[in-house]
Amino acid sequence: RAFEVMGELEKPVQDRLIQRLMAHPGVRLVGPTSTDVTDRVATVSFLHERVQPSDIVAAAHAANVGIRNGHMYAFRLLKAMNIPTETGVVRISAVHYNTVEEVDHLMDSLDPLLST
């Protein structure tokens, strides 16, 4: 039952995060684009076609939001997906204790950069 409750709490956060990311044509999610909590978890990795992962993370950190970039110890997976392990992906770990408002704060800070 605990996992069901966590899924219920994560669903609106995951919905908003994926919706806001996918509003940018230059963004590519790594993994399912579904927002169904039975298809994926709210930890979302993505790439931008023109903006480096480290620049995206720097913009989030400037807004006092902690996200990460890198290979996430998935060297073989990234190589198989033709993603450079040196730059890796951007990872946002939104989980059951995060809020939709926090996602909006993060995305408001990233929208100008992701729109380039």
# chains A, B, ... in the order shown; residues from 1 in each chain; ligands from 1
$ select_by_dssp --residues "chain A" --states "alpha helix (DSSP H)" --output "PyMOL selection string"
chain A and resi 2-22+53-62+75-80+100-114
$ residues_around --residues "A:Ser34" --least-positions-apart "6" --cutoff "9 Å" --atoms "only C-alpha atoms" --output "ChimeraX atom specification"
/A:15,18,40
$ select_by_dssp --residues "chain A" --states "strand (DSSP E)" --output "PyMOL selection string"
chain A and resi 27-30+43-48+68-70+89-93
$ write_last_selection --atoms "N, CA, C and O atoms" --output "PDB file, in the first residue's frame"
ATOM      1  N   VAL A  27      13.718  19.382 -26.300  1.00  0.00           N
ATOM      2  CA  VAL A  27      13.927  18.449 -25.197  1.00  0.00           C
ATOM      3  C   VAL A  27      13.570  17.036 -25.638  1.00  0.00           C
ATOM      4  O   VAL A  27      12.544  16.811 -26.276  1.00  0.00           O
ATOM      5  N   ARG A  28      14.444  16.097 -25.265  1.00  0.00           N
ATOM      6  CA  ARG A  28      14.168  14.671 -25.499  1.00  0.00           C
ATOM      7  C   ARG A  28      14.258  13.942 -24.171  1.00  0.00           C
ATOM      8  O   ARG A  28      15.308  13.954 -23.511  1.00  0.00           O
ATOM      9  N   LEU A  29      13.149  13.349 -23.752  1.00  0.00           N
ATOM     10  CA  LEU A  29      13.182  12.538 -22.544  1.00  0.00           C
ATOM     11  C   LEU A  29      13.947  11.258 -22.827  1.00  0.00           C
ATOM     12  O   LEU A  29      13.846  10.688 -23.910  1.00  0.00           O
ATOM     13  N   VAL A  30      14.675  10.800 -21.835  1.00  0.00           N
ATOM     14  CA  VAL A  30      15.348   9.514 -21.912  1.00  0.00           C
ATOM     15  C   VAL A  30      14.464   8.550 -21.130  1.00  0.00           C
ATOM     16  O   VAL A  30      14.341   8.660 -19.918  1.00  0.00           O
ATOM     17  N   THR A  43      11.562  10.190 -11.442  1.00  0.00           N
ATOM     18  CA  THR A  43      12.938  10.577 -11.719  1.00  0.00           C
ATOM     19  C   THR A  43      13.082  10.616 -13.226  1.00  0.00           C
ATOM     20  O   THR A  43      12.962   9.594 -13.898  1.00  0.00           O
ATOM     21  N   VAL A  44      13.316  11.820 -13.761  1.00  0.00           N
ATOM     22  CA  VAL A  44      13.267  12.037 -15.201  1.00  0.00           C
ATOM     23  C   VAL A  44      14.634  12.488 -15.700  1.00  0.00           C
ATOM     24  O   VAL A  44      15.214  13.434 -15.177  1.00  0.00           O
ATOM     25  N   SER A  45      15.124  11.797 -16.713  1.00  0.00           N
ATOM     26  CA  SER A  45      16.359  12.192 -17.382  1.00  0.00           C
ATOM     27  C   SER A  45      16.004  12.742 -18.751  1.00  0.00           C
ATOM     28  O   SER A  45      15.091  12.243 -19.412  1.00  0.00           O
ATOM     29  N   PHE A  46      16.760  13.776 -19.165  1.00  0.00           N
ATOM     30  CA  PHE A  46      16.490  14.359 -20.475  1.00  0.00           C
ATOM     31  C   PHE A  46      17.730  15.009 -21.058  1.00  0.00           C
ATOM     32  O   PHE A  46      18.727  15.229 -20.365  1.00  0.00           O
ATOM     33  N   LEU A  47      17.620  15.317 -22.341  1.00  0.00           N
ATOM     34  CA  LEU A  47      18.651  16.030 -23.080  1.00  0.00           C
ATOM     35  C   LEU A  47      18.000  17.167 -23.832  1.00  0.00           C
ATOM     36  O   LEU A  47      16.795  17.122 -24.123  1.00  0.00           O
ATOM     37  N   HIS A  48      18.808  18.158 -24.164  1.00  0.00           N
ATOM     38  CA  HIS A  48      18.348  19.246 -25.022  1.00  0.00           C
ATOM     39  C   HIS A  48      19.228  19.246 -26.264  1.00  0.00           C
ATOM     40  O   HIS A  48      20.434  19.020 -26.172  1.00  0.00           O
ATOM     41  N   ARG A  68      20.868  17.245 -11.146  1.00  0.00           N
ATOM     42  CA  ARG A  68      22.208  16.784 -11.487  1.00  0.00           C
ATOM     43  C   ARG A  68      22.335  16.476 -12.971  1.00  0.00           C
ATOM     44  O   ARG A  68      21.337  16.304 -13.662  1.00  0.00           O
ATOM     45  N   ASN A  69      23.578  16.384 -13.401  1.00  0.00           N
ATOM     46  CA  ASN A  69      23.853  15.899 -14.748  1.00  0.00           C
ATOM     47  C   ASN A  69      25.030  14.937 -14.684  1.00  0.00           C
ATOM     48  O   ASN A  69      25.797  14.949 -13.734  1.00  0.00           O
ATOM     49  N   GLY A  70      25.123  14.102 -15.683  1.00  0.00           N
ATOM     50  CA  GLY A  70      26.235  13.164 -15.761  1.00  0.00           C
ATOM     51  C   GLY A  70      25.786  11.836 -16.309  1.00  0.00           C
ATOM     52  O   GLY A  70      24.698  11.698 -16.876  1.00  0.00           O
ATOM     53  N   VAL A  89      23.369  13.090 -19.112  1.00  0.00           N
ATOM     54  CA  VAL A  89      21.997  13.587 -19.190  1.00  0.00           C
ATOM     55  C   VAL A  89      21.731  14.518 -18.021  1.00  0.00           C
ATOM     56  O   VAL A  89      22.505  14.579 -17.071  1.00  0.00           O
ATOM     57  N   VAL A  90      20.622  15.218 -18.088  1.00  0.00           N
ATOM     58  CA  VAL A  90      20.130  15.992 -16.945  1.00  0.00           C
ATOM     59  C   VAL A  90      19.158  15.075 -16.211  1.00  0.00           C
ATOM     60  O   VAL A  90      18.320  14.413 -16.836  1.00  0.00           O
ATOM     61  N   ARG A  91      19.263  15.007 -14.897  1.00  0.00           N
ATOM     62  CA  ARG A  91      18.345  14.179 -14.116  1.00  0.00           C
ATOM     63  C   ARG A  91      17.641  15.036 -13.070  1.00  0.00           C
ATOM     64  O   ARG A  91      18.280  15.730 -12.281  1.00  0.00           O
ATOM     65  N   ILE A  92      16.320  14.969 -13.107  1.00  0.00           N
ATOM     66  CA  ILE A  92      15.479  15.626 -12.109  1.00  0.00           C
ATOM     67  C   ILE A  92      14.813  14.523 -11.311  1.00  0.00           C
ATOM     68  O   ILE A  92      14.069  13.709 -11.861  1.00  0.00           O
ATOM     69  N   SER A  93      15.092  14.486 -10.029  1.00  0.00           N
ATOM     70  CA  SER A  93      14.511  13.455  -9.165  1.00  0.00           C
ATOM     71  C   SER A  93      13.347  14.052  -8.394  1.00  0.00           C
ATOM     72  O   SER A  93      13.493  14.534  -7.271  1.00  0.00           O
TER      73      SER A  93
END
$ closest_atom_pairs --of "stretch 7-82 of chain A" --to "stretch 98-112 of chain A" --cutoff "8 Å" --atoms "only C-alpha atoms" --output "JSON lines"
{"residue": "A:Glu10", "atom": "CA", "partner": "A:Asn98", "partner_atom": "CA", "distance": 7.7}
{"residue": "A:Pro12", "atom": "CA", "partner": "A:Val100", "partner_atom": "CA", "distance": 6.7}
{"residue": "A:Val13", "atom": "CA", "partner": "A:Val100", "partner_atom": "CA", "distance": 5.0}
{"residue": "A:Arg16", "atom": "CA", "partner": "A:Val100", "partner_atom": "CA", "distance": 6.6}
{"residue": "A:Leu17", "atom": "CA", "partner": "A:Val103", "partner_atom": "CA", "distance": 6.1}
{"residue": "A:Arg20", "atom": "CA", "partner": "A:Met107", "partner_atom": "CA", "distance": 6.9}
{"residue": "A:Leu21", "atom": "CA", "partner": "A:Met107", "partner_atom": "CA", "distance": 7.7}
{"residue": "A:Ile56", "atom": "CA", "partner": "A:Leu110", "partner_atom": "CA", "distance": 7.0}
{"residue": "A:Ala59", "atom": "CA", "partner": "A:Leu110", "partner_atom": "CA", "distance": 6.5}
{"residue": "A:Ala60", "atom": "CA", "partner": "A:Leu106", "partner_atom": "CA", "distance": 6.4}
{"residue": "A:Ala63", "atom": "CA", "partner": "A:Ser109", "partner_atom": "CA", "distance": 6.4}
{"residue": "A:Val65", "atom": "CA", "partner": "A:Leu106", "partner_atom": "CA", "distance": 6.5}
$ residues_around --residues "A:Thr87" --least-positions-apart "4" --cutoff "9 Å" --atoms "only C-alpha atoms" --output "PyMOL selection string"
chain A and resi 52-54+69-71+83
$ closest_atom_pairs --of "stretch 27-94 of chain A" --to "stretch 3-6 of chain A" --cutoff "12 Å" --atoms "only C-alpha atoms" --output "JSON lines"
{"residue": "A:Val37", "atom": "CA", "partner": "A:Glu4", "partner_atom": "CA", "distance": 9.4}
{"residue": "A:Thr38", "atom": "CA", "partner": "A:Glu4", "partner_atom": "CA", "distance": 9.9}
{"residue": "A:Val41", "atom": "CA", "partner": "A:Met6", "partner_atom": "CA", "distance": 10.2}
{"residue": "A:Ala42", "atom": "CA", "partner": "A:Met6", "partner_atom": "CA", "distance": 10.4}
{"residue": "A:Ala94", "atom": "CA", "partner": "A:Met6", "partner_atom": "CA", "distance": 11.5}
$ write_last_selection --atoms "N, CA, C and O atoms" --output "PDB file, in the first residue's frame"
ATOM      1  N   VAL A  37       2.134   6.390 -13.637  1.00  0.00           N
ATOM      2  CA  VAL A  37       3.070   5.930 -12.609  1.00  0.00           C
ATOM      3  C   VAL A  37       3.315   4.428 -12.680  1.00  0.00           C
ATOM      4  O   VAL A  37       4.242   3.939 -12.039  1.00  0.00           O
ATOM      5  N   THR A  38       2.527   3.705 -13.452  1.00  0.00           N
ATOM      6  CA  THR A  38       2.820   2.284 -13.644  1.00  0.00           C
ATOM      7  C   THR A  38       3.828   2.073 -14.769  1.00  0.00           C
ATOM      8  O   THR A  38       4.379   0.987 -14.909  1.00  0.00           O
ATOM      9  N   VAL A  41       8.848   6.101 -13.129  1.00  0.00           N
ATOM     10  CA  VAL A  41       8.912   6.819 -11.855  1.00  0.00           C
ATOM     11  C   VAL A  41       9.153   8.286 -12.157  1.00  0.00           C
ATOM     12  O   VAL A  41       9.449   8.668 -13.283  1.00  0.00           O
ATOM     13  N   ALA A  42       9.060   9.119 -11.148  1.00  0.00           N
ATOM     14  CA  ALA A  42       9.158  10.566 -11.346  1.00  0.00           C
ATOM     15  C   ALA A  42      10.596  11.069 -11.425  1.00  0.00           C
ATOM     16  O   ALA A  42      10.828  12.265 -11.470  1.00  0.00           O
ATOM     17  N   ALA A  94      12.192  14.034  -9.030  1.00  0.00           N
ATOM     18  CA  ALA A  94      10.969  14.508  -8.382  1.00  0.00           C
ATOM     19  C   ALA A  94      10.274  13.289  -7.785  1.00  0.00           C
ATOM     20  O   ALA A  94       9.992  12.332  -8.496  1.00  0.00           O
TER      21      ALA A  94
END
